[in-house]
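Participant: Structure: start35.cif, mmCIF, N, CA and C atoms and all ligand atoms.
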data_start
loop_
_atom_site.label_atom_id
_atom_site.label_comp_id
_atom_site.auth_asym_id
_atom_site.auth_seq_id
_atom_site.Cartn_x
_atom_site.Cartn_y
_atom_site.Cartn_z
N MET A 19 119.83 101.79 47.43
CA MET A 19 119.94 101.16 48.74
C MET A 19 118.56 100.80 49.29
N ASN A 20 118.39 99.58 49.72
CA ASN A 20 117.12 99.25 50.37
C ASN A 20 117.16 99.69 51.84
N LEU A 21 116.04 99.50 52.53
CA LEU A 21 115.91 100.00 53.90
C LEU A 21 116.99 99.44 54.81
N GLU A 22 117.20 98.13 54.74
CA GLU A 22 118.20 97.49 55.61
C GLU A 22 119.60 98.05 55.35
N GLU A 23 119.89 98.28 54.08
CA GLU A 23 121.21 98.83 53.72
C GLU A 23 121.35 100.27 54.22
N ARG A 24 120.26 101.01 54.13
CA ARG A 24 120.31 102.40 54.61
C ARG A 24 120.54 102.44 56.12
N ILE A 25 119.89 101.52 56.84
CA ILE A 25 120.06 101.46 58.29
C ILE A 25 121.52 101.13 58.62
N SER A 26 122.08 100.12 57.96
CA SER A 26 123.47 99.72 58.20
C SER A 26 124.42 100.86 57.88
N HIS A 27 124.13 101.56 56.78
CA HIS A 27 124.95 102.69 56.36
C HIS A 27 124.97 103.79 57.42
N LEU A 28 123.77 104.12 57.95
CA LEU A 28 123.69 105.18 58.95
C LEU A 28 124.42 104.81 60.23
N LEU A 29 124.29 103.55 60.65
CA LEU A 29 124.96 103.11 61.88
C LEU A 29 126.48 103.17 61.69
N LYS A 30 126.93 102.79 60.51
CA LYS A 30 128.36 102.84 60.22
C LYS A 30 128.84 104.29 60.19
N HIS A 31 128.03 105.15 59.57
CA HIS A 31 128.33 106.59 59.49
C HIS A 31 128.47 107.17 60.91
N GLY A 32 127.64 106.73 61.83
CA GLY A 32 127.69 107.22 63.20
C GLY A 32 128.65 106.41 64.07
N LYS A 33 129.38 105.51 63.47
CA LYS A 33 130.34 104.65 64.18
C LYS A 33 129.68 103.89 65.33
N LEU A 34 128.47 103.39 65.06
CA LEU A 34 127.73 102.68 66.09
C LEU A 34 127.59 101.21 65.74
N ARG A 35 127.59 100.41 66.75
CA ARG A 35 127.35 99.00 66.64
C ARG A 35 125.85 98.79 66.36
N THR A 36 125.51 97.73 65.68
CA THR A 36 124.10 97.44 65.38
C THR A 36 123.44 96.73 66.56
N THR A 37 122.32 97.26 66.99
CA THR A 37 121.49 96.54 67.96
C THR A 37 120.07 96.53 67.40
N ASN A 38 119.28 95.64 67.92
CA ASN A 38 117.90 95.53 67.44
C ASN A 38 117.14 96.84 67.67
N THR A 39 117.31 97.45 68.85
CA THR A 39 116.62 98.71 69.16
C THR A 39 117.04 99.80 68.20
N ARG A 40 118.34 99.92 67.96
CA ARG A 40 118.82 100.96 67.05
C ARG A 40 118.25 100.77 65.65
N ARG A 41 118.17 99.53 65.19
CA ARG A 41 117.60 99.26 63.87
C ARG A 41 116.13 99.68 63.83
N ARG A 42 115.40 99.32 64.90
CA ARG A 42 113.97 99.66 64.93
C ARG A 42 113.74 101.16 64.92
N VAL A 43 114.54 101.89 65.72
CA VAL A 43 114.35 103.33 65.80
C VAL A 43 114.72 104.00 64.47
N LEU A 44 115.81 103.54 63.87
CA LEU A 44 116.23 104.13 62.59
C LEU A 44 115.22 103.88 61.48
N LYS A 45 114.64 102.70 61.51
CA LYS A 45 113.62 102.36 60.52
C LYS A 45 112.49 103.39 60.55
N GLU A 46 112.06 103.77 61.74
CA GLU A 46 110.98 104.76 61.87
C GLU A 46 111.45 106.13 61.37
N PHE A 47 112.67 106.52 61.73
CA PHE A 47 113.16 107.83 61.28
C PHE A 47 113.28 107.88 59.76
N LEU A 48 113.72 106.78 59.17
CA LEU A 48 113.85 106.76 57.70
C LEU A 48 112.48 106.86 57.06
N ALA A 49 111.47 106.25 57.67
CA ALA A 49 110.11 106.33 57.14
C ALA A 49 109.55 107.74 57.29
N LEU A 50 109.95 108.44 58.36
CA LEU A 50 109.45 109.79 58.62
C LEU A 50 110.05 110.82 57.67
N GLY A 51 111.24 110.55 57.18
CA GLY A 51 111.90 111.49 56.27
C GLY A 51 112.23 112.80 56.95
N ASN A 52 111.57 113.88 56.51
CA ASN A 52 111.91 115.19 57.08
C ASN A 52 110.93 115.63 58.18
N ILE A 53 110.16 114.70 58.70
CA ILE A 53 109.23 115.02 59.79
C ILE A 53 109.93 114.77 61.12
N ALA A 54 109.78 115.71 62.04
CA ALA A 54 110.36 115.56 63.37
C ALA A 54 109.29 115.13 64.37
N LEU A 55 109.64 114.20 65.26
CA LEU A 55 108.70 113.75 66.28
C LEU A 55 109.28 113.95 67.68
N SER A 56 108.40 114.19 68.64
CA SER A 56 108.84 114.32 70.03
C SER A 56 109.02 112.93 70.62
N GLY A 57 109.66 112.85 71.76
CA GLY A 57 109.84 111.59 72.45
C GLY A 57 108.50 110.89 72.69
N GLY A 58 107.51 111.69 73.12
CA GLY A 58 106.18 111.15 73.38
C GLY A 58 105.53 110.58 72.13
N GLU A 59 105.70 111.29 71.01
CA GLU A 59 105.13 110.82 69.74
C GLU A 59 105.83 109.53 69.28
N LEU A 60 107.14 109.46 69.50
CA LEU A 60 107.86 108.24 69.13
C LEU A 60 107.43 107.07 70.00
N GLU A 61 107.20 107.34 71.28
CA GLU A 61 106.71 106.28 72.16
C GLU A 61 105.41 105.70 71.62
N LYS A 62 104.54 106.60 71.13
CA LYS A 62 103.26 106.16 70.59
C LYS A 62 103.46 105.31 69.33
N VAL A 63 104.38 105.75 68.45
CA VAL A 63 104.68 105.00 67.23
C VAL A 63 105.07 103.57 67.60
N PHE A 64 105.92 103.42 68.59
CA PHE A 64 106.38 102.07 68.94
C PHE A 64 105.32 101.26 69.67
N ARG A 65 104.43 101.96 70.39
CA ARG A 65 103.30 101.26 71.00
C ARG A 65 102.41 100.68 69.90
N ASP A 66 102.13 101.51 68.88
CA ASP A 66 101.29 101.07 67.77
C ASP A 66 101.94 99.92 67.01
N ARG A 67 103.25 100.04 66.75
CA ARG A 67 103.99 98.99 66.04
C ARG A 67 103.91 97.66 66.80
N ALA A 68 104.07 97.75 68.12
CA ALA A 68 104.05 96.54 68.94
C ALA A 68 102.70 95.85 68.81
N GLU A 69 101.63 96.68 68.76
CA GLU A 69 100.29 96.11 68.60
C GLU A 69 100.07 95.53 67.21
N GLU A 70 100.48 96.29 66.21
CA GLU A 70 100.30 95.88 64.82
C GLU A 70 101.01 94.58 64.48
N ASN A 71 102.31 94.56 64.79
CA ASN A 71 103.16 93.45 64.31
C ASN A 71 103.54 92.46 65.40
N GLY A 72 102.96 92.64 66.57
CA GLY A 72 103.36 91.76 67.67
C GLY A 72 104.83 91.90 68.02
N GLU A 73 105.38 93.10 67.69
CA GLU A 73 106.78 93.34 68.03
C GLU A 73 106.92 93.54 69.53
N GLU A 74 108.09 93.34 70.00
CA GLU A 74 108.40 93.53 71.40
C GLU A 74 108.14 94.99 71.77
N LYS A 75 107.69 95.25 73.00
CA LYS A 75 107.45 96.63 73.42
C LYS A 75 108.77 97.36 73.52
N MET A 76 108.74 98.66 73.20
CA MET A 76 109.95 99.47 73.28
C MET A 76 110.04 100.05 74.68
N ASP A 77 111.10 99.73 75.36
CA ASP A 77 111.30 100.26 76.69
C ASP A 77 111.59 101.77 76.59
N ARG A 78 110.88 102.54 77.42
CA ARG A 78 110.96 104.00 77.34
C ARG A 78 112.40 104.51 77.56
N ILE A 79 113.03 103.98 78.57
CA ILE A 79 114.39 104.43 78.90
C ILE A 79 115.35 104.08 77.76
N THR A 80 115.18 102.89 77.20
CA THR A 80 116.03 102.47 76.08
C THR A 80 115.81 103.39 74.89
N LEU A 81 114.55 103.76 74.64
CA LEU A 81 114.24 104.66 73.53
C LEU A 81 114.96 106.00 73.70
N TYR A 82 114.85 106.60 74.88
CA TYR A 82 115.47 107.90 75.10
C TYR A 82 117.00 107.81 75.05
N ARG A 83 117.53 106.70 75.53
CA ARG A 83 118.97 106.52 75.48
C ARG A 83 119.43 106.41 74.02
N THR A 84 118.64 105.71 73.22
CA THR A 84 118.96 105.54 71.80
C THR A 84 118.91 106.89 71.08
N LEU A 85 117.91 107.71 71.42
CA LEU A 85 117.80 109.04 70.80
C LEU A 85 119.04 109.87 71.12
N ARG A 86 119.50 109.80 72.39
CA ARG A 86 120.68 110.57 72.78
C ARG A 86 121.92 110.06 72.03
N THR A 87 122.03 108.74 71.94
CA THR A 87 123.17 108.14 71.22
C THR A 87 123.18 108.58 69.77
N PHE A 88 122.01 108.57 69.14
CA PHE A 88 121.91 108.97 67.73
C PHE A 88 122.25 110.44 67.55
N GLU A 89 121.83 111.25 68.52
CA GLU A 89 122.13 112.68 68.42
C GLU A 89 123.64 112.90 68.52
N GLU A 90 124.26 112.21 69.45
CA GLU A 90 125.72 112.35 69.61
C GLU A 90 126.47 111.81 68.40
N ALA A 91 125.86 110.87 67.71
CA ALA A 91 126.52 110.23 66.57
C ALA A 91 126.29 110.99 65.25
N GLY A 92 125.53 112.08 65.31
CA GLY A 92 125.28 112.85 64.09
C GLY A 92 124.25 112.20 63.17
N ILE A 93 123.36 111.40 63.75
CA ILE A 93 122.34 110.72 62.94
C ILE A 93 120.99 111.44 63.02
N ILE A 94 120.65 111.94 64.21
CA ILE A 94 119.42 112.73 64.35
C ILE A 94 119.77 114.07 65.02
N HIS A 95 118.90 115.06 64.83
CA HIS A 95 119.11 116.35 65.48
C HIS A 95 117.83 116.80 66.15
N GLN A 96 117.97 117.74 67.08
CA GLN A 96 116.81 118.27 67.76
C GLN A 96 116.20 119.38 66.94
N ALA A 97 114.89 119.42 66.93
CA ALA A 97 114.17 120.46 66.22
C ALA A 97 113.28 121.18 67.23
N VAL A 98 113.60 122.42 67.47
CA VAL A 98 112.78 123.23 68.38
C VAL A 98 111.56 123.69 67.60
N ASP A 99 110.41 123.72 68.21
CA ASP A 99 109.28 124.32 67.49
C ASP A 99 108.44 125.19 68.41
N THR A 100 107.47 125.86 67.86
CA THR A 100 106.73 126.85 68.65
C THR A 100 105.84 126.23 69.71
N SER A 101 105.65 124.90 69.68
CA SER A 101 104.86 124.27 70.73
C SER A 101 105.70 124.14 71.99
N GLY A 102 107.00 124.41 71.88
CA GLY A 102 107.89 124.30 73.03
C GLY A 102 108.36 122.88 73.27
N LYS A 103 107.86 121.94 72.46
CA LYS A 103 108.27 120.54 72.60
C LYS A 103 109.57 120.31 71.85
N MET A 104 110.45 119.51 72.43
CA MET A 104 111.67 119.16 71.73
C MET A 104 111.37 117.96 70.85
N LYS A 105 111.71 118.10 69.57
CA LYS A 105 111.45 117.00 68.65
C LYS A 105 112.75 116.54 68.00
N PHE A 106 112.71 115.39 67.36
CA PHE A 106 113.91 114.83 66.74
C PHE A 106 113.63 114.47 65.28
N ALA A 107 114.64 114.71 64.43
CA ALA A 107 114.51 114.35 63.01
C ALA A 107 115.84 113.83 62.50
N LEU A 108 115.76 113.11 61.42
CA LEU A 108 116.94 112.55 60.76
C LEU A 108 117.85 113.68 60.25
N CYS A 109 119.15 113.48 60.39
CA CYS A 109 120.13 114.47 59.93
C CYS A 109 120.42 114.29 58.45
N SER A 110 121.07 115.30 57.91
CA SER A 110 121.59 115.15 56.54
C SER A 110 122.90 114.36 56.61
N GLU A 111 123.37 113.96 55.46
CA GLU A 111 124.61 113.18 55.38
C GLU A 111 125.82 113.98 55.88
N ASP A 112 125.68 115.31 55.92
CA ASP A 112 126.81 116.15 56.30
C ASP A 112 127.11 116.12 57.79
N CYS A 113 126.17 115.65 58.60
CA CYS A 113 126.41 115.60 60.04
C CYS A 113 127.34 114.44 60.36
N THR A 114 128.21 114.69 61.31
CA THR A 114 129.15 113.63 61.71
C THR A 114 129.12 113.48 63.22
N THR A 115 129.93 112.57 63.72
CA THR A 115 130.01 112.37 65.16
C THR A 115 130.59 113.60 65.87
N ASP A 116 131.32 114.44 65.13
CA ASP A 116 131.93 115.61 65.76
C ASP A 116 131.08 116.86 65.63
N HIS A 117 130.27 116.89 64.56
CA HIS A 117 129.66 118.16 64.24
C HIS A 117 128.32 117.98 63.51
N HIS A 118 127.31 118.72 64.01
CA HIS A 118 126.02 118.72 63.31
C HIS A 118 126.00 119.87 62.31
N GLU A 119 125.33 119.64 61.21
CA GLU A 119 125.32 120.62 60.12
C GLU A 119 123.86 120.94 59.76
N ASP A 120 122.99 121.03 60.79
CA ASP A 120 121.56 121.17 60.50
C ASP A 120 121.11 122.63 60.56
N SER A 121 121.70 123.46 59.73
CA SER A 121 121.36 124.89 59.79
C SER A 121 120.20 125.20 58.87
N HIS A 122 119.05 124.57 59.15
CA HIS A 122 117.84 124.83 58.36
C HIS A 122 116.68 125.18 59.28
N ALA A 123 115.63 125.70 58.68
CA ALA A 123 114.45 126.08 59.44
C ALA A 123 113.60 124.87 59.79
N HIS A 124 112.85 124.98 60.88
CA HIS A 124 111.85 123.97 61.23
C HIS A 124 110.48 124.63 61.19
N PHE A 125 109.57 123.97 60.49
CA PHE A 125 108.23 124.53 60.30
C PHE A 125 107.23 123.77 61.16
N HIS A 126 106.51 124.50 61.97
CA HIS A 126 105.50 123.88 62.83
C HIS A 126 104.11 124.21 62.31
N CYS A 127 103.34 123.18 61.94
CA CYS A 127 102.00 123.40 61.43
C CYS A 127 101.03 123.57 62.60
N LYS A 128 100.30 124.68 62.59
CA LYS A 128 99.37 124.97 63.69
C LYS A 128 98.13 124.11 63.60
N ASN A 129 97.90 123.54 62.42
CA ASN A 129 96.70 122.73 62.24
C ASN A 129 96.94 121.28 62.67
N CYS A 130 97.95 120.61 62.09
CA CYS A 130 98.17 119.20 62.41
C CYS A 130 99.29 118.99 63.42
N GLU A 131 99.93 120.08 63.87
CA GLU A 131 100.96 120.02 64.92
C GLU A 131 102.24 119.32 64.47
N LYS A 132 102.34 119.10 63.14
CA LYS A 132 103.51 118.43 62.61
C LYS A 132 104.68 119.40 62.56
N THR A 133 105.89 118.89 62.81
CA THR A 133 107.09 119.71 62.63
C THR A 133 107.90 119.13 61.49
N VAL A 134 108.26 119.97 60.53
CA VAL A 134 108.96 119.52 59.33
C VAL A 134 110.31 120.22 59.21
N CYS A 135 111.35 119.47 58.84
CA CYS A 135 112.64 120.07 58.52
C CYS A 135 112.56 120.68 57.14
N LEU A 136 112.81 121.97 57.03
CA LEU A 136 112.88 122.61 55.71
C LEU A 136 114.35 122.72 55.35
N ASN A 137 114.86 121.63 54.77
CA ASN A 137 116.30 121.53 54.56
C ASN A 137 116.89 122.59 53.65
N HIS A 138 116.04 123.19 52.81
CA HIS A 138 116.57 124.19 51.88
C HIS A 138 116.32 125.62 52.34
N VAL A 139 115.67 125.76 53.50
CA VAL A 139 115.49 127.10 54.07
C VAL A 139 116.58 127.30 55.13
N THR A 140 117.58 128.04 54.78
CA THR A 140 118.74 128.17 55.67
C THR A 140 118.69 129.47 56.47
N PHE A 141 119.56 129.58 57.43
CA PHE A 141 119.57 130.76 58.30
C PHE A 141 119.95 132.02 57.53
N PRO A 142 119.30 133.13 57.88
CA PRO A 142 119.72 134.40 57.27
C PRO A 142 121.07 134.82 57.86
N VAL A 143 121.74 135.72 57.18
CA VAL A 143 123.01 136.23 57.71
C VAL A 143 122.71 137.13 58.90
N ILE A 144 123.33 136.86 60.01
CA ILE A 144 123.09 137.63 61.23
C ILE A 144 124.30 138.53 61.49
N ASN A 145 124.04 139.81 61.62
CA ASN A 145 125.13 140.73 61.96
C ASN A 145 124.97 141.13 63.42
N LEU A 146 125.71 140.48 64.27
CA LEU A 146 125.60 140.75 65.69
C LEU A 146 126.38 142.01 66.07
N PRO A 147 125.91 142.71 67.12
CA PRO A 147 126.68 143.86 67.60
C PRO A 147 128.07 143.40 68.06
N LYS A 148 128.97 144.31 68.12
CA LYS A 148 130.35 144.05 68.53
C LYS A 148 130.40 143.29 69.86
N ASN A 149 131.30 142.33 69.93
CA ASN A 149 131.56 141.54 71.15
C ASN A 149 130.50 140.51 71.51
N PHE A 150 129.47 140.37 70.69
CA PHE A 150 128.53 139.27 70.92
C PHE A 150 129.04 138.05 70.18
N GLN A 151 128.99 136.90 70.82
CA GLN A 151 129.46 135.67 70.18
C GLN A 151 128.30 134.69 70.02
N LEU A 152 128.00 134.36 68.79
CA LEU A 152 126.90 133.44 68.51
C LEU A 152 127.32 132.00 68.79
N GLN A 153 126.51 131.28 69.56
CA GLN A 153 126.85 129.88 69.83
C GLN A 153 125.77 128.93 69.37
N ASP A 154 124.55 129.41 69.32
CA ASP A 154 123.47 128.53 68.93
C ASP A 154 122.45 129.34 68.13
N GLN A 155 121.80 128.69 67.20
CA GLN A 155 120.85 129.40 66.35
C GLN A 155 119.71 128.47 65.99
N GLN A 156 118.49 128.98 66.07
CA GLN A 156 117.32 128.20 65.67
C GLN A 156 116.44 129.08 64.80
N LEU A 157 115.92 128.50 63.75
CA LEU A 157 114.97 129.24 62.94
C LEU A 157 113.66 128.46 62.94
N VAL A 158 112.67 129.00 63.65
CA VAL A 158 111.40 128.31 63.81
C VAL A 158 110.32 129.09 63.09
N LEU A 159 109.62 128.42 62.20
CA LEU A 159 108.53 129.05 61.47
C LEU A 159 107.25 128.33 61.83
N SER A 160 106.13 129.03 61.83
CA SER A 160 104.88 128.32 62.06
C SER A 160 103.82 128.83 61.12
N GLY A 161 102.82 127.99 60.91
CA GLY A 161 101.75 128.35 59.99
C GLY A 161 101.01 127.09 59.59
N ILE A 162 100.65 126.99 58.33
CA ILE A 162 99.89 125.85 57.82
C ILE A 162 100.75 125.08 56.83
N CYS A 163 100.89 123.78 57.02
CA CYS A 163 101.75 122.97 56.16
C CYS A 163 101.09 122.69 54.80
N ASP A 164 101.88 122.14 53.88
CA ASP A 164 101.37 121.90 52.52
C ASP A 164 100.17 120.94 52.49
N GLU A 165 100.23 119.91 53.34
CA GLU A 165 99.12 118.95 53.34
C GLU A 165 97.83 119.57 53.87
N CYS A 166 97.96 120.39 54.91
CA CYS A 166 96.76 121.01 55.48
C CYS A 166 96.23 122.12 54.57
N ALA A 167 97.12 122.76 53.82
CA ALA A 167 96.70 123.86 52.96
C ALA A 167 96.04 123.34 51.68
N ALA A 168 96.34 122.10 51.31
CA ALA A 168 95.84 121.55 50.03
C ALA A 168 94.34 121.31 50.08
ZN ZN B 201 122.69 116.74 62.42
ZN ZN B 202 99.54 120.48 58.79
ZN ZN B 203 115.70 119.60 61.00
#
Could you take the file, read its structure, and then write that structure out as structure tokens?
Ligand SMILES: [Zn+2]
Ligand SMILES: [Zn+2]
Ligand SMILES: [Zn+2]

Facilitator:
Amino acid sequence: MNLEERISHLLKHGKLRTTNTRRRVLKEFLALGNIALSGGELEKVFRDRAEENGEEKMDRITLYRTLRTFEEAGIIHQAVDTSGKMKFALCSEDCTTDHHEDSHAHFHCKNCEKTVCLNHVTFPVINLPKNFQLQDQQLVLSGICDECAA
């Protein structure tokens, strides 16, 4: 699948209509792969793109609305990290409009501040005391990423 096909596939998977903004935002997420970015960092990406390619400026409100739509559609998920910033990353194919399946760790690099989805690092088995009901779970790791350690 080429980039355009992957974008169309994801929008169809999320049962979303194609718009220019949605295509632009997805293109960046596909390029990022397993890296999560905050709203502020994404704003910067689109500012740079607009300068580089003479693309239209990305309206801030439209960007945040698109992020929310993608999250509801099972296309992106939130990644909590130790910086306290909420970041967003592309979901796995298993996420749907009804249910997110992102039970993996997020790694925050203290050196470059990057947050990475560790898709193969899954949650440990949690044995809660009697009558506690688990509703949400986050596994946040921090340290030095592979690129900074190399
Ligand atoms: Zn998801
Ligand atoms: Zn790093
Ligand atoms: Zn993730």

Participant: Using all atoms listed in the file, find the one residue out of A:Asn129, A:Val134, A:Asn145, A:Gly92 that sits nearest to Ile162 (chain A).

Facilitator: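 Selected residue with least distance to Ile162 (chain A): A:Asn129.
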
Participant: Let me make sure I understand: among A:Lys33, A:His126, A:Lys103, A:His27, which one has the smallest atom-to-atom distance to Cys166 (chain A) if we use only C-alpha atoms?

Facilitator: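 Of A:Lys33, A:His126, A:Lys103, A:His27, the one nearest Cys166 (chain A) is A:His126, counting only C-alpha atoms.
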
Participant: Hey, what does DSSP flag as strand (DSSP E or B) within region 59-142 of chain A? Can you give it to me as a list in words?

Facilitator: Ile94, His95, Gln96, Ala97, Val98, Met104, Lys105, Phe106, Ala107, Leu108, His122, Ala123, His124, Phe125, His126, Cys127, Thr133, Val134, Cys135, Leu136, Asn137, His138, Val139 and Thr140 of chain A

Participant: Counting all atoms listed in the file, which protein, DNA or RNA residues come within 6.5 Å of ligand ZN 202 (chain B), given as an mmCIF file with N, CA and C atoms, keeping the file's coordinate frame?

Facilitator:
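Now in part12.cif:
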data_model
loop_
_atom_site.group_PDB
_atom_site.id
_atom_site.type_symbol
_atom_site.label_atom_id
_atom_site.label_comp_id
_atom_site.auth_asym_id
_atom_site.auth_seq_id
_atom_site.Cartn_x
_atom_site.Cartn_y
_atom_site.Cartn_z
ATOM 1 N N CYS A 127 103.340 123.180 61.940
ATOM 2 C CA CYS A 127 102.000 123.400 61.430
ATOM 3 C C CYS A 127 101.030 123.570 62.600
ATOM 4 N N LYS A 128 100.300 124.680 62.590
ATOM 5 C CA LYS A 128 99.370 124.970 63.690
ATOM 6 C C LYS A 128 98.130 124.110 63.600
ATOM 7 N N ASN A 129 97.900 123.540 62.420
ATOM 8 C CA ASN A 129 96.700 122.730 62.240
ATOM 9 C C ASN A 129 96.940 121.280 62.670
ATOM 10 N N CYS A 130 97.950 120.610 62.090
ATOM 11 C CA CYS A 130 98.170 119.200 62.410
ATOM 12 C C CYS A 130 99.290 118.990 63.420
ATOM 13 N N GLU A 131 99.930 120.080 63.870
ATOM 14 C CA GLU A 131 100.960 120.020 64.920
ATOM 15 C C GLU A 131 102.240 119.320 64.470
ATOM 16 N N LYS A 132 102.340 119.100 63.140
ATOM 17 C CA LYS A 132 103.510 118.430 62.610
ATOM 18 C C LYS A 132 104.680 119.400 62.560
ATOM 19 N N ILE A 162 100.650 126.990 58.330
ATOM 20 C CA ILE A 162 99.890 125.850 57.820
ATOM 21 C C ILE A 162 100.750 125.080 56.830
ATOM 22 N N CYS A 163 100.890 123.780 57.020
ATOM 23 C CA CYS A 163 101.750 122.970 56.160
ATOM 24 C C CYS A 163 101.090 122.690 54.800
ATOM 25 N N ASP A 164 101.880 122.140 53.880
ATOM 26 C CA ASP A 164 101.370 121.900 52.520
ATOM 27 C C ASP A 164 100.170 120.940 52.490
ATOM 28 N N GLU A 165 100.230 119.910 53.340
ATOM 29 C CA GLU A 165 99.120 118.950 53.340
ATOM 30 C C GLU A 165 97.830 119.570 53.870
ATOM 31 N N CYS A 166 97.960 120.390 54.910
ATOM 32 C CA CYS A 166 96.760 121.010 55.480
ATOM 33 C C CYS A 166 96.230 122.120 54.570
ATOM 34 N N ALA A 167 97.120 122.760 53.820
ATOM 35 C CA ALA A 167 96.700 123.860 52.960
ATOM 36 C C ALA A 167 96.040 123.340 51.680
#

Participant: From the set A:Leu60, A:Ala68, A:Ile144, A:Ile25, which residue has the shortest atom-to-atom contact distance to Lys45 (chain A), counting only C-alpha atoms?

Facilitator: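 Smallest separation from Lys45 (chain A) among the options: A:Ile25.
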
Participant: Quote the spacing between CA of Glu59 (chain A) and CA of Thr80 (chain A) in Å to one decimal place.

Facilitator: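 About the pair CA of Glu59 (chain A) and CA of Thr80 (chain A): they are 15.1 Å apart.
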